[in-house]
file run_36.txt (compact mmCIF, C-alpha atoms and all ligand atoms)
# COMPACT_ATOMS: atom_id res chain seq x y z
CA MET A 9 -2.87 9.05 -13.37
CA LYS A 10 -4.57 8.11 -10.12
CA THR A 11 -8.38 8.23 -10.13
CA VAL A 12 -10.56 9.22 -7.18
CA ARG A 13 -14.08 7.92 -7.71
CA PHE A 14 -16.66 10.48 -6.66
CA GLY A 15 -20.28 10.46 -5.62
CA VAL A 16 -22.19 13.73 -5.92
CA ILE A 17 -24.96 14.29 -3.38
CA GLY A 18 -27.05 17.30 -4.39
CA CYS A 19 -27.01 17.79 -8.16
CA GLY A 20 -28.24 21.40 -8.18
CA LEU A 21 -26.28 24.52 -9.07
CA MET A 22 -23.04 23.55 -7.31
CA GLY A 23 -23.24 19.80 -7.90
CA ARG A 24 -23.27 20.46 -11.64
CA GLU A 25 -20.45 23.02 -11.37
CA PHE A 26 -18.33 20.15 -10.04
CA GLY A 27 -19.51 17.94 -12.89
CA SER A 28 -18.43 20.56 -15.39
CA ALA A 29 -15.02 20.99 -13.69
CA ALA A 30 -14.45 17.22 -13.67
CA ALA A 31 -15.38 17.09 -17.38
CA ARG A 32 -12.54 19.47 -18.29
CA TRP A 33 -9.89 17.99 -16.02
CA CYS A 34 -7.58 17.67 -19.03
CA HIS A 35 -7.31 21.47 -18.80
CA LEU A 36 -4.97 20.97 -15.83
CA THR A 37 -1.55 20.02 -17.15
CA ASP A 38 0.39 18.88 -14.08
CA MET A 39 -2.15 16.93 -12.04
CA THR A 40 -1.35 13.33 -11.24
CA VAL A 41 -4.81 12.62 -9.86
CA ARG A 42 -8.26 13.09 -11.37
CA PRO A 43 -11.90 12.79 -10.25
CA GLU A 44 -14.30 10.35 -11.88
CA ILE A 45 -18.00 10.77 -11.09
CA VAL A 46 -19.43 7.28 -10.61
CA ALA A 47 -22.55 7.90 -8.50
CA VAL A 48 -25.09 10.69 -8.08
CA CYS A 49 -27.90 11.36 -5.65
CA ASP A 50 -30.68 13.94 -5.75
CA THR A 51 -34.34 13.88 -4.81
CA ASN A 52 -35.01 15.62 -8.13
CA PRO A 53 -34.59 12.92 -10.83
CA GLN A 54 -34.19 15.49 -13.63
CA LEU A 55 -30.98 16.75 -12.03
CA SER A 56 -29.53 13.25 -11.61
CA GLN A 57 -30.45 12.64 -15.25
CA TRP A 58 -28.24 15.58 -16.27
CA PHE A 59 -25.28 13.61 -14.90
CA LYS A 60 -26.44 10.42 -16.64
CA ASP A 61 -26.69 12.36 -19.91
CA HIS A 62 -23.20 13.82 -19.66
CA PHE A 63 -21.08 11.26 -17.79
CA ALA A 64 -20.79 7.71 -19.08
CA SER A 65 -18.91 6.91 -15.86
CA VAL A 66 -22.06 7.27 -13.69
CA SER A 67 -23.26 3.79 -12.78
CA GLN A 68 -25.38 4.57 -9.71
CA VAL A 69 -28.30 6.99 -9.59
CA THR A 70 -30.30 7.18 -6.41
CA ALA A 71 -32.55 9.52 -4.46
CA ASP A 72 -31.32 8.04 -1.16
CA TYR A 73 -27.89 9.23 -0.04
CA HIS A 74 -27.49 6.19 2.23
CA GLU A 75 -27.38 3.99 -0.88
CA LEU A 76 -24.65 6.12 -2.42
CA LEU A 77 -22.59 6.05 0.78
CA ALA A 78 -22.93 2.25 0.91
CA ASN A 79 -21.39 1.97 -2.57
CA PRO A 80 -17.85 0.52 -2.19
CA ASP A 81 -16.88 2.00 -5.59
CA VAL A 82 -17.20 5.54 -4.19
CA ASP A 83 -13.95 6.88 -2.65
CA ALA A 84 -15.02 10.50 -2.06
CA VAL A 85 -18.16 12.61 -2.08
CA TYR A 86 -19.10 16.17 -2.87
CA ILE A 87 -22.15 17.17 -0.87
CA ALA A 88 -23.98 20.30 -2.04
CA VAL A 89 -27.37 20.30 -0.34
CA PRO A 90 -29.37 22.85 1.72
CA HIS A 91 -27.76 23.88 5.01
CA ASN A 92 -30.24 22.05 7.27
CA LEU A 93 -28.94 18.74 5.86
CA HIS A 94 -25.20 19.40 6.25
CA ALA A 95 -24.63 17.86 9.69
CA GLU A 96 -26.57 14.67 8.95
CA PHE A 97 -25.16 14.11 5.45
CA TYR A 98 -21.55 15.11 6.21
CA CYS A 99 -21.34 12.94 9.34
CA ALA A 100 -22.82 9.97 7.49
CA ALA A 101 -20.25 10.40 4.70
CA ILE A 102 -17.32 10.66 7.12
CA LYS A 103 -18.52 7.60 9.07
CA ALA A 104 -18.79 5.72 5.77
CA GLY A 105 -15.08 6.47 5.21
CA LYS A 106 -15.58 8.71 2.18
CA HIS A 107 -13.31 11.72 1.67
CA LEU A 108 -15.56 14.78 1.78
CA MET A 109 -15.78 18.13 0.08
CA GLY A 110 -18.73 19.76 1.83
CA GLU A 111 -20.35 23.00 0.92
CA LYS A 112 -20.29 25.97 3.22
CA PRO A 113 -21.45 26.96 5.78
CA PHE A 114 -20.62 23.38 6.84
CA GLY A 115 -23.55 23.08 9.26
CA ILE A 116 -26.63 25.26 9.58
CA ASP A 117 -25.36 26.71 12.87
CA GLN A 118 -22.50 26.37 15.34
CA ALA A 119 -24.02 23.32 17.07
CA ALA A 120 -24.29 21.51 13.72
CA ASN A 121 -20.73 22.49 12.85
CA GLU A 122 -19.49 21.18 16.21
CA THR A 123 -21.21 17.86 15.50
CA ILE A 124 -19.38 17.66 12.15
CA SER A 125 -16.04 18.65 13.76
CA ALA A 126 -16.43 15.90 16.39
CA CYS A 127 -17.09 13.38 13.65
CA ILE A 128 -13.98 14.52 11.74
CA ALA A 129 -11.90 14.17 14.92
CA ASP A 130 -13.14 10.57 15.30
CA HIS A 131 -12.16 9.73 11.70
CA PRO A 132 -8.69 11.15 11.00
CA GLU A 133 -8.30 8.75 8.06
CA VAL A 134 -10.93 10.71 6.11
CA PHE A 135 -9.86 13.89 4.26
CA VAL A 136 -12.40 16.69 4.76
CA ARG A 137 -12.48 20.18 3.30
CA CYS A 138 -15.05 22.95 2.85
CA SER A 139 -15.73 24.51 -0.53
CA SER A 140 -14.71 28.13 -1.22
CA GLU A 141 -13.25 29.17 -4.55
CA SER A 142 -12.58 32.82 -3.69
CA PRO A 143 -8.75 32.63 -3.26
CA PHE A 144 -8.15 30.85 -6.55
CA PHE A 145 -8.33 33.91 -8.80
CA PRO A 146 -4.83 34.89 -10.01
CA ALA A 147 -4.89 38.27 -8.21
CA MET A 148 -5.79 36.59 -4.91
CA GLN A 149 -2.97 34.09 -5.44
CA LEU A 150 -0.50 36.95 -5.95
CA ILE A 151 -1.77 38.64 -2.78
CA GLY A 152 -1.20 35.30 -1.04
CA ARG A 153 2.40 35.16 -2.26
CA MET A 154 2.89 38.75 -1.06
CA LEU A 155 1.57 37.74 2.36
CA GLU A 156 3.97 34.81 2.47
CA ALA A 157 6.83 37.18 1.61
CA GLU A 158 5.64 39.56 4.37
CA ALA A 159 5.50 42.35 1.79
CA PHE A 160 2.85 44.45 3.52
CA GLY A 161 4.78 45.60 6.60
CA ARG A 162 2.58 46.26 9.59
CA ILE A 163 -1.06 45.69 8.69
CA ILE A 164 -3.12 48.89 9.03
CA GLU A 165 -6.53 47.63 7.90
CA VAL A 166 -8.11 44.76 5.95
CA ASN A 167 -11.47 44.80 4.17
CA SER A 168 -12.90 41.63 2.68
CA GLY A 169 -16.33 41.00 1.26
CA PHE A 170 -18.75 39.36 -1.07
CA LEU A 171 -21.51 41.51 -2.50
CA HIS A 172 -24.21 40.37 -4.86
CA CYS A 173 -27.58 41.18 -6.27
CA SER A 174 -29.45 37.90 -5.96
CA ASP A 175 -32.18 39.57 -3.89
CA MET A 176 -32.28 43.07 -5.43
CA ASP A 177 -35.47 42.14 -7.27
CA VAL A 178 -38.20 42.23 -4.59
CA THR A 179 -40.57 40.33 -6.91
CA LYS A 180 -38.24 37.29 -6.99
CA PRO A 181 -40.12 34.36 -5.42
CA ILE A 182 -38.76 32.95 -2.19
CA ASN A 183 -36.60 29.80 -2.25
CA TRP A 184 -34.90 27.63 0.41
CA LYS A 185 -31.99 30.06 0.68
CA ARG A 186 -34.35 32.68 2.19
CA LEU A 187 -36.04 30.42 4.76
CA LEU A 188 -34.70 30.04 8.31
CA LYS A 189 -35.57 26.35 8.42
CA PHE A 190 -33.30 25.48 5.47
CA ASN A 191 -30.78 28.31 5.36
CA GLY A 192 -30.35 28.98 9.07
CA GLU A 193 -30.20 32.05 11.28
CA TYR A 194 -26.91 33.23 9.76
CA GLY A 195 -28.72 34.22 6.56
CA CYS A 196 -26.32 35.92 4.13
CA MET A 197 -23.35 35.20 6.44
CA GLY A 198 -23.92 31.45 6.04
CA ASP A 199 -24.29 31.83 2.28
CA LEU A 200 -21.46 34.22 1.53
CA GLY A 201 -19.34 34.57 4.66
CA MET A 202 -16.85 31.71 4.20
CA HIS A 203 -15.71 33.19 0.89
CA ALA A 204 -14.97 36.54 2.55
CA CYS A 205 -13.21 34.86 5.50
CA HIS A 206 -11.06 32.44 3.50
CA MET A 207 -8.09 34.73 2.72
CA PRO A 208 -8.02 36.56 6.10
CA PHE A 209 -8.22 33.28 8.02
CA ARG A 210 -5.52 31.65 5.84
CA ALA A 211 -3.36 34.71 6.53
CA GLY A 212 -3.71 33.82 10.21
CA TRP A 213 -5.82 36.86 11.12
CA VAL A 214 -8.15 35.57 13.81
CA PRO A 215 -10.95 37.96 14.81
CA LYS A 216 -10.89 38.63 18.56
CA ASN A 217 -14.29 40.30 18.65
CA VAL A 218 -17.03 41.58 16.37
CA ARG A 219 -19.56 44.39 16.13
CA ALA A 220 -22.18 43.38 13.60
CA VAL A 221 -25.03 45.21 11.92
CA LEU A 222 -27.43 42.84 10.15
CA SER A 223 -30.30 43.89 7.88
CA ASN A 224 -33.46 42.17 6.72
CA ILE A 225 -34.31 44.60 3.94
CA VAL A 226 -37.06 42.60 2.22
CA PRO A 227 -39.08 40.90 5.00
CA GLU A 228 -41.53 39.13 2.67
CA ARG A 229 -41.40 37.79 -0.85
CA PRO A 230 -43.81 36.20 -3.34
CA ASP A 231 -44.38 32.57 -2.40
CA GLY A 232 -44.64 31.49 -6.04
CA LYS A 233 -48.31 30.53 -5.55
CA GLY A 234 -49.87 33.99 -5.81
CA GLY A 235 -49.38 34.96 -2.14
CA MET A 236 -46.59 36.36 -0.01
CA ALA A 237 -44.29 34.48 2.39
CA PRO A 238 -42.17 35.84 5.24
CA CYS A 239 -38.51 36.15 4.22
CA GLU A 240 -36.85 35.66 7.56
CA THR A 241 -33.14 35.58 6.80
CA TRP A 242 -30.59 38.41 6.98
CA ASP A 243 -30.06 39.98 3.57
CA ASN A 244 -26.94 41.97 4.43
CA ALA A 245 -24.28 41.83 7.15
CA THR A 246 -21.45 44.21 7.99
CA LEU A 247 -18.96 42.90 10.56
CA LEU A 248 -16.25 45.07 12.10
CA CYS A 249 -13.70 42.92 13.90
CA THR A 250 -10.53 43.48 15.87
CA ALA A 251 -7.93 41.13 14.40
CA ALA A 252 -4.22 40.75 15.10
CA ASP A 253 -1.31 40.34 12.68
CA SER A 254 1.48 37.78 13.17
CA ASP A 255 3.35 40.20 15.49
CA GLY A 256 0.29 40.56 17.72
CA ASN A 257 -0.62 44.06 16.54
CA ASP A 258 -4.36 44.72 16.40
CA PHE A 259 -6.01 46.13 13.27
CA PRO A 260 -9.58 46.60 12.01
CA LEU A 261 -10.91 43.81 9.77
CA THR A 262 -14.25 44.27 8.05
CA ILE A 263 -16.16 41.38 6.54
CA LYS A 264 -19.16 42.40 4.43
CA THR A 265 -21.66 39.95 2.97
CA GLN A 266 -24.61 41.35 1.07
CA ARG A 267 -27.32 39.84 -1.08
CA ILE A 268 -28.77 43.28 -1.79
CA ALA A 269 -25.80 45.31 -2.99
CA PRO A 270 -26.71 48.07 -5.46
CA GLY A 271 -24.23 48.21 -8.32
CA HIS A 272 -22.93 44.69 -7.78
CA LYS A 273 -23.80 41.46 -9.54
CA ASN A 274 -21.36 39.08 -7.86
CA THR A 275 -18.35 40.90 -6.43
CA TRP A 276 -15.59 39.38 -4.35
CA TYR A 277 -13.10 41.91 -3.01
CA LEU A 278 -10.06 42.10 -0.75
CA GLU A 279 -8.15 45.20 0.33
CA ILE A 280 -5.06 45.07 2.52
CA LEU A 281 -3.49 48.32 3.69
CA GLY A 282 0.02 48.02 5.14
CA THR A 283 2.84 50.33 6.13
CA LYS A 284 5.11 49.04 3.33
CA THR A 285 2.66 47.84 0.69
CA SER A 286 -1.07 47.98 0.10
CA ALA A 287 -3.10 45.89 -2.35
CA ARG A 288 -6.69 45.88 -3.52
CA TRP A 289 -8.63 43.61 -5.82
CA SER A 290 -12.24 43.24 -6.81
CA SER A 291 -13.73 40.61 -9.10
CA LYS A 292 -15.49 43.50 -10.87
CA GLN A 293 -12.17 44.00 -12.67
CA ILE A 294 -11.17 40.43 -12.34
CA ASN A 295 -7.72 40.74 -13.91
CA THR A 296 -6.71 44.02 -12.32
CA LEU A 297 -4.64 44.04 -9.16
CA GLU A 298 -3.71 47.39 -7.67
CA ILE A 299 -0.56 47.64 -5.57
CA LEU A 300 0.91 50.61 -3.74
CA GLU A 301 4.47 50.27 -2.49
CA TYR A 302 5.43 53.06 -0.13
CA THR A 303 9.12 53.86 -0.04
CA GLY A 304 8.83 57.56 0.94
CA GLY A 305 7.92 60.36 -1.41
CA GLU A 306 4.87 60.25 -3.66
CA GLN A 307 2.34 57.45 -3.29
CA ALA A 308 1.33 55.81 -6.54
CA TRP A 309 -1.01 52.88 -7.19
CA GLN A 310 0.33 50.50 -9.82
CA VAL A 311 -2.29 48.76 -11.92
CA ILE A 312 -1.20 45.25 -12.80
CA ASP A 313 -2.91 43.15 -15.47
CA MET A 314 -3.11 39.63 -14.13
CA GLY A 315 -3.11 36.84 -16.67
CA HIS A 316 -3.91 33.18 -16.24
CA GLU A 317 -1.33 32.62 -13.51
CA MET A 318 -3.05 29.78 -11.73
CA ALA A 319 -1.83 27.91 -8.68
CA TYR A 320 -2.44 24.60 -10.46
CA LYS A 321 -1.02 24.88 -14.00
CA SER A 322 -3.54 24.91 -16.83
CA LEU A 323 -3.57 24.86 -20.62
CA THR A 324 -4.74 28.45 -21.01
CA GLY A 325 -1.99 30.79 -22.15
CA GLY A 326 -0.53 33.00 -19.45
CA ILE A 327 -1.91 36.26 -20.87
CA PHE A 328 -5.57 35.23 -20.95
CA GLU A 329 -8.13 36.32 -18.38
CA ALA A 330 -9.59 34.02 -15.69
CA GLY A 331 -13.21 33.58 -14.63
CA PHE A 332 -15.54 31.96 -12.08
CA SER A 333 -15.46 28.47 -13.59
CA ASP A 334 -11.64 28.61 -13.66
CA SER A 335 -11.61 29.30 -9.93
CA ILE A 336 -13.95 26.33 -9.37
CA LEU A 337 -11.62 24.08 -11.39
CA GLN A 338 -8.66 25.35 -9.34
CA MET A 339 -10.49 24.67 -6.07
CA TRP A 340 -11.10 21.10 -7.16
CA ALA A 341 -7.47 20.76 -8.20
CA ALA A 342 -6.53 21.93 -4.69
CA PHE A 343 -8.80 19.32 -3.09
CA LEU A 344 -7.45 16.43 -5.14
CA TYR A 345 -3.84 17.62 -4.93
CA GLU A 346 -4.14 17.60 -1.15
CA VAL A 347 -5.79 14.14 -1.12
CA GLU A 348 -2.79 12.90 -3.12
CA ASN A 349 0.07 14.85 -1.53
CA GLY A 350 -1.13 15.52 2.02
CA LYS A 351 -0.78 19.29 1.65
CA PRO A 352 -1.73 22.00 -0.87
CA ILE A 353 0.76 23.16 -3.49
CA SER A 354 1.14 26.41 -1.54
CA ARG A 355 -0.35 27.96 1.59
CA PHE A 356 -2.96 30.10 -0.20
CA ALA A 357 -3.87 27.43 -2.75
CA GLY A 358 -5.64 25.14 -0.30
CA CYS A 359 -9.32 24.52 0.40
CA VAL A 360 -10.90 25.70 3.67
CA THR A 361 -9.90 23.42 6.55
CA PRO A 362 -12.32 22.21 9.24
CA ASP A 363 -10.58 24.52 11.76
CA GLU A 364 -11.07 27.54 9.50
CA VAL A 365 -14.73 26.73 8.97
CA ALA A 366 -15.19 26.29 12.75
CA LEU A 367 -13.69 29.76 13.21
CA SER A 368 -16.23 31.16 10.74
CA HIS A 369 -19.02 29.68 12.88
CA GLN A 370 -17.57 31.35 15.98
CA LEU A 371 -17.53 34.64 14.09
CA PHE A 372 -21.06 34.39 12.67
CA THR A 373 -22.49 33.23 16.01
CA ALA A 374 -20.83 36.15 17.79
CA ALA A 375 -22.13 38.45 15.03
CA LEU A 376 -25.72 37.32 15.68
CA GLU A 377 -25.25 38.08 19.37
CA SER A 378 -23.61 41.43 18.63
CA HIS A 379 -26.51 42.53 16.44
CA LYS A 380 -29.08 41.35 18.98
CA THR A 381 -27.46 43.10 21.94
CA ASN A 382 -26.00 46.13 20.13
CA THR A 383 -22.62 45.29 21.65
CA VAL A 384 -19.12 44.22 20.71
CA CYS A 385 -18.96 40.45 21.26
CA PRO A 386 -15.78 38.42 21.89
CA LEU A 387 -15.16 35.28 19.90
N1 LIG A 401 -19.19 27.59 -3.37
C1 LIG A 401 -20.09 28.39 -3.93
O1 LIG A 401 -19.75 29.34 -4.63
C2 LIG A 401 -21.54 28.15 -3.71
C3 LIG A 401 -22.50 28.78 -4.50
C4 LIG A 401 -23.85 28.49 -4.28
C5 LIG A 401 -24.22 27.61 -3.28
N2 LIG A 401 -23.27 27.02 -2.50
C6 LIG A 401 -23.62 26.05 -1.43
O2 LIG A 401 -23.93 24.81 -2.06
C7 LIG A 401 -24.96 24.13 -1.33
C8 LIG A 401 -26.10 23.84 -2.29
O3 LIG A 401 -26.47 25.04 -2.90
P1 LIG A 401 -26.96 25.10 -4.43
O4 LIG A 401 -26.91 26.53 -4.84
O5 LIG A 401 -26.26 24.08 -5.24
O6 LIG A 401 -28.48 24.69 -4.19
P2 LIG A 401 -29.50 23.97 -5.17
O7 LIG A 401 -30.85 24.18 -4.57
O8 LIG A 401 -29.25 24.37 -6.59
O9 LIG A 401 -29.06 22.43 -5.04
C9 LIG A 401 -29.32 21.67 -3.89
C10 LIG A 401 -29.74 20.29 -4.36
O10 LIG A 401 -29.91 19.45 -3.23
C11 LIG A 401 -30.95 18.55 -3.55
N3 LIG A 401 -31.48 17.94 -2.35
C12 LIG A 401 -32.29 18.50 -1.41
N4 LIG A 401 -32.58 17.59 -0.46
C13 LIG A 401 -31.95 16.44 -0.80
C14 LIG A 401 -31.88 15.14 -0.22
N5 LIG A 401 -32.53 14.84 0.92
N6 LIG A 401 -31.13 14.20 -0.85
C15 LIG A 401 -30.50 14.48 -2.01
N7 LIG A 401 -30.55 15.70 -2.61
C16 LIG A 401 -31.25 16.67 -2.00
C17 LIG A 401 -31.97 19.42 -4.26
O11 LIG A 401 -32.91 18.69 -5.02
C18 LIG A 401 -31.06 20.30 -5.13
O12 LIG A 401 -30.87 19.77 -6.41
C19 LIG A 401 -25.32 25.05 -0.16
O13 LIG A 401 -24.60 24.63 0.98
C20 LIG A 401 -24.84 26.43 -0.60
O14 LIG A 401 -24.49 27.27 0.48
C21 LIG A 401 -21.94 27.27 -2.73

call {"tool": "encode", "arguments": {"input": "run_36.txt", "output": "structure tokens", "more": "lines below"}}
Ligand SMILES: NC(=O)c1ccc[n+]([C@@H]2O[C@H](COP(=O)([O-])OP(=O)(O)OC[C@H]3O[C@@H](n4cnc5c(N)ncnc54)[C@H](O)[C@@H]3O)[C@@H](O)[C@H]2O)c1
result
Amino acid sequence: MKTVRFGVIGCGLMGREFGSAAARWCHLTDMTVRPEIVAVCDTNPQLSQWFKDHFASVSQVTADYHELLANPDVDAVYIAVPHNLHAEFYCAAIKAGKHLMGEKPFGIDQAANETISACIADHPEVFVRCSSESPFFPAMQLIGRMLEAEAFGRIIEVNSGFLHCSDMDVTKPINWKRLLKFNGEYGCMGDLGMHACHMPFRAGWVPKNVRAVLSNIVPERPDGKGGMAPCETWDNATLLCTAADSDGNDFPLTIKTQRIAPGHKNTWYLEILGTKTSARWSSKQINTLEILEYTGGEQAWQVIDMGHEMAYKSLTGGIFEAGFSDSILQMWAAFLYEVENGKPISRFAGCVTPDEVALSHQLFTAALESHKTNTVCPL
């Protein structure tokens, strides 16, 4: 089995999710390539220590990412740091010749993303992808296969979103994800938007324009020191876009990203309504895919129990349910499979490409303008 030696820069929530996925790589039965974490970097030594405690393979621990990038034993890096650092860190990694999985939004704003895109264009030898695990749930994979088989007929409407409750509690102290300086003007769109865009963009549905309504529902939060601090970022965003299907027919596409979503803890959803077939899935009922095939006569939704039908084969028996950490493992399998084979195992089992992430920046930038001017903005 080929080994790709990884450095992890940013050992917080997502950095450690990767560590955990790498630690159970044996769960994937057909992979011919595996990650080995050899170097870690975080300004918080306790988080780097977590990697030292769990991975005998880690031989470099540093608080300076330049040192990690100078390490010739590192082939690839996963960078999971606050958004204000993306452009600097990602460009440095690409220039150092390291394959890169970068976290979304892949630049704090469109200018930062363009800087990263220019750097990628100058270094075609480096493989670069953006993290988003949303399509790797079995139901999403089946929807992807249905799209490839053109099962839906003419697309009538598509609704995609990511709703969660991380900011429902108004007494929750502020953190970097709620500060413009670190999180950026996109707010919840930068945090959650790429997940909601991943399937529609991979389907080839490019938004032509957007009308956005953005909400800052909780404008200040406890600062953790007994006072209050302004909470400047958008909590919720609803985007209504005109998109076109592969035959050039326009249809409405909504992308919703909410951090204050009553009734939701962490809900991904996708609904596709077509003239022949419709499908809807929500991670609330993670293994339930609903499909309506219209052949004339009565309309009836079928409720299908999805099992563990993963894009990248795993040990778990086919009838067992999938979860968040399974989708993370699948996303990493997709990254390494593509490093090894030059393309994903199937169209909807690939990580977000730099072009797709650039499109998300066009959309979120147009959404900011739309909200500001109360108008429909072209992309
Ligand atoms: N794919 C997903 O589902 C998902 C989920 C959450 C967050 N994210 C993304 O992951 C990235 C990180 O988010 P997180 O939730 O892991 O945040 P986090 O705060 O848990 O982790 C970020 C880490 O970066 C470290 N860091 C900050 N400055 C640094 C520097 N100069 N050098 C080295 N390390 C530094 C921090 O100490 C921290 O440990 C963001 O881009 C976020 O949007 C993705």

call {"tool": "closest_residue", "arguments": {"input": "run_36.txt", "among": "A:Ser56, A:Thr383, A:Thr37, A:Thr283", "to": "ligand LIG 401 (chain A)", "atoms": "only C-alpha atoms and all ligand atoms"}}
result
A:Ser56

call {"tool": "atom_distance", "arguments": {"input": "run_36.txt", "atom1": "atom CA of A:Val48", "atom2": "atom CA of A:Val69"}}
result
5.1 Å

call {"tool": "residues_around", "arguments": {"input": "run_36.txt", "residues": "A:Asn183", "least_positions_apart": "5", "cutoff": "12 Å", "atoms": "all atoms listed in the file", "output": "VMD selection string"}}
result
chain A and resid 90 174 to 175 188 to 191 228 to 232 237 to 241

call {"tool": "residues_around", "arguments": {"input": "run_36.txt", "residues": "stretch 200-212 of chain A", "least_positions_apart": "5", "cutoff": "9 Å", "atoms": "all atoms listed in the file", "output": "PDB file with C-alpha atoms, in the frame of the given file"}}
result
ATOM      1  CA  LYS A 112     -20.290  25.970   3.220  1.00  0.00           C
ATOM      2  CA  PRO A 113     -21.450  26.960   5.780  1.00  0.00           C
ATOM      3  CA  SER A 139     -15.730  24.510  -0.530  1.00  0.00           C
ATOM      4  CA  SER A 140     -14.710  28.130  -1.220  1.00  0.00           C
ATOM      5  CA  GLU A 141     -13.250  29.170  -4.550  1.00  0.00           C
ATOM      6  CA  SER A 142     -12.580  32.820  -3.690  1.00  0.00           C
ATOM      7  CA  PRO A 143      -8.750  32.630  -3.260  1.00  0.00           C
ATOM      8  CA  MET A 148      -5.790  36.590  -4.910  1.00  0.00           C
ATOM      9  CA  GLY A 152      -1.200  35.300  -1.040  1.00  0.00           C
ATOM     10  CA  LEU A 155       1.570  37.740   2.360  1.00  0.00           C
ATOM     11  CA  GLU A 156       3.970  34.810   2.470  1.00  0.00           C
ATOM     12  CA  VAL A 166      -8.110  44.760   5.950  1.00  0.00           C
ATOM     13  CA  SER A 168     -12.900  41.630   2.680  1.00  0.00           C
ATOM     14  CA  GLY A 169     -16.330  41.000   1.260  1.00  0.00           C
ATOM     15  CA  PHE A 170     -18.750  39.360  -1.070  1.00  0.00           C
ATOM     16  CA  LEU A 171     -21.510  41.510  -2.500  1.00  0.00           C
ATOM     17  CA  GLY A 195     -28.720  34.220   6.560  1.00  0.00           C
ATOM     18  CA  ALA A 252      -4.220  40.750  15.100  1.00  0.00           C
ATOM     19  CA  ASP A 253      -1.310  40.340  12.680  1.00  0.00           C
ATOM     20  CA  SER A 254       1.480  37.780  13.170  1.00  0.00           C
ATOM     21  CA  LEU A 261     -10.910  43.810   9.770  1.00  0.00           C
ATOM     22  CA  ILE A 263     -16.160  41.380   6.540  1.00  0.00           C
ATOM     23  CA  LYS A 264     -19.160  42.400   4.430  1.00  0.00           C
ATOM     24  CA  THR A 265     -21.660  39.950   2.970  1.00  0.00           C
ATOM     25  CA  GLN A 266     -24.610  41.350   1.070  1.00  0.00           C
ATOM     26  CA  ARG A 267     -27.320  39.840  -1.080  1.00  0.00           C
ATOM     27  CA  TRP A 276     -15.590  39.380  -4.350  1.00  0.00           C
ATOM     28  CA  TYR A 277     -13.100  41.910  -3.010  1.00  0.00           C
ATOM     29  CA  LEU A 278     -10.060  42.100  -0.750  1.00  0.00           C
ATOM     30  CA  ARG A 355      -0.350  27.960   1.590  1.00  0.00           C
ATOM     31  CA  PHE A 356      -2.960  30.100  -0.200  1.00  0.00           C
ATOM     32  CA  GLY A 358      -5.640  25.140  -0.300  1.00  0.00           C
ATOM     33  CA  CYS A 359      -9.320  24.520   0.400  1.00  0.00           C
ATOM     34  CA  VAL A 360     -10.900  25.700   3.670  1.00  0.00           C
ATOM     35  CA  GLU A 364     -11.070  27.540   9.500  1.00  0.00           C
ATOM     36  CA  VAL A 365     -14.730  26.730   8.970  1.00  0.00           C
ATOM     37  CA  LEU A 367     -13.690  29.760  13.210  1.00  0.00           C
ATOM     38  CA  SER A 368     -16.230  31.160  10.740  1.00  0.00           C
ATOM     39  CA  PHE A 372     -21.060  34.390  12.670  1.00  0.00           C
TER      40      PHE A 372
END

call {"tool": "residues_near_ligand", "arguments": {"input": "run_36.txt", "ligand": "ligand LIG 401 (chain A)", "cutoff": "8 Å", "atoms": "all atoms listed in the file", "output": "PyMOL selection string"}}
result
chain A and resi 17-24+49-52+55+71-73+87-91+93-94+110-114+139-141+184-185+198-200+203

call {"tool": "closest_residue", "arguments": {"input": "run_36.txt", "among": "A:Pro352, A:Pro43, A:Gly235, A:Pro386", "to": "A:Val12", "atoms": "only C-alpha atoms"}}
result
A:Pro43

call {"tool": "atom_distance", "arguments": {"input": "run_36.txt", "atom1": "atom CA of A:Ile124", "atom2": "atom CA of A:Asn349"}}
result
23.9 Å

call {"tool": "atom_distance", "arguments": {"input": "run_36.txt", "atom1": "atom CA of A:Ile225", "atom2": "atom CA of A:Asn274"}}
result
18.4 Å

call {"tool": "closest_residue", "arguments": {"input": "run_36.txt", "among": "A:Met39, A:Val218, A:Ala287, A:Cys196", "to": "A:Leu248", "atoms": "all atoms listed in the file"}}
result
A:Val218

call {"tool": "residues_around", "arguments": {"input": "run_36.txt", "residues": "stretch 327-335 of chain A", "least_positions_apart": "5", "cutoff": "9 Å", "atoms": "only C-alpha atoms", "output": "VMD selection string"}}
result
chain A and resid 25 28 to 29 141 to 146 291 294 to 295 313 to 318 340

call {"tool": "write_last_selection", "arguments": {"input": "run_36.txt", "atoms": "C-alpha atoms", "output": "mmCIF file, keeping the file's coordinate frame"}}
result
data_model
loop_
_atom_site.group_PDB
_atom_site.id
_atom_site.type_symbol
_atom_site.label_atom_id
_atom_site.label_comp_id
_atom_site.auth_asym_id
_atom_site.auth_seq_id
_atom_site.Cartn_x
_atom_site.Cartn_y
_atom_site.Cartn_z
ATOM 1 C CA GLU A 25 -20.450 23.020 -11.370
ATOM 2 C CA SER A 28 -18.430 20.560 -15.390
ATOM 3 C CA ALA A 29 -15.020 20.990 -13.690
ATOM 4 C CA GLU A 141 -13.250 29.170 -4.550
ATOM 5 C CA SER A 142 -12.580 32.820 -3.690
ATOM 6 C CA PRO A 143 -8.750 32.630 -3.260
ATOM 7 C CA PHE A 144 -8.150 30.850 -6.550
ATOM 8 C CA PHE A 145 -8.330 33.910 -8.800
ATOM 9 C CA PRO A 146 -4.830 34.890 -10.010
ATOM 10 C CA SER A 291 -13.730 40.610 -9.100
ATOM 11 C CA ILE A 294 -11.170 40.430 -12.340
ATOM 12 C CA ASN A 295 -7.720 40.740 -13.910
ATOM 13 C CA ASP A 313 -2.910 43.150 -15.470
ATOM 14 C CA MET A 314 -3.110 39.630 -14.130
ATOM 15 C CA GLY A 315 -3.110 36.840 -16.670
ATOM 16 C CA HIS A 316 -3.910 33.180 -16.240
ATOM 17 C CA GLU A 317 -1.330 32.620 -13.510
ATOM 18 C CA MET A 318 -3.050 29.780 -11.730
ATOM 19 C CA TRP A 340 -11.100 21.100 -7.160
#
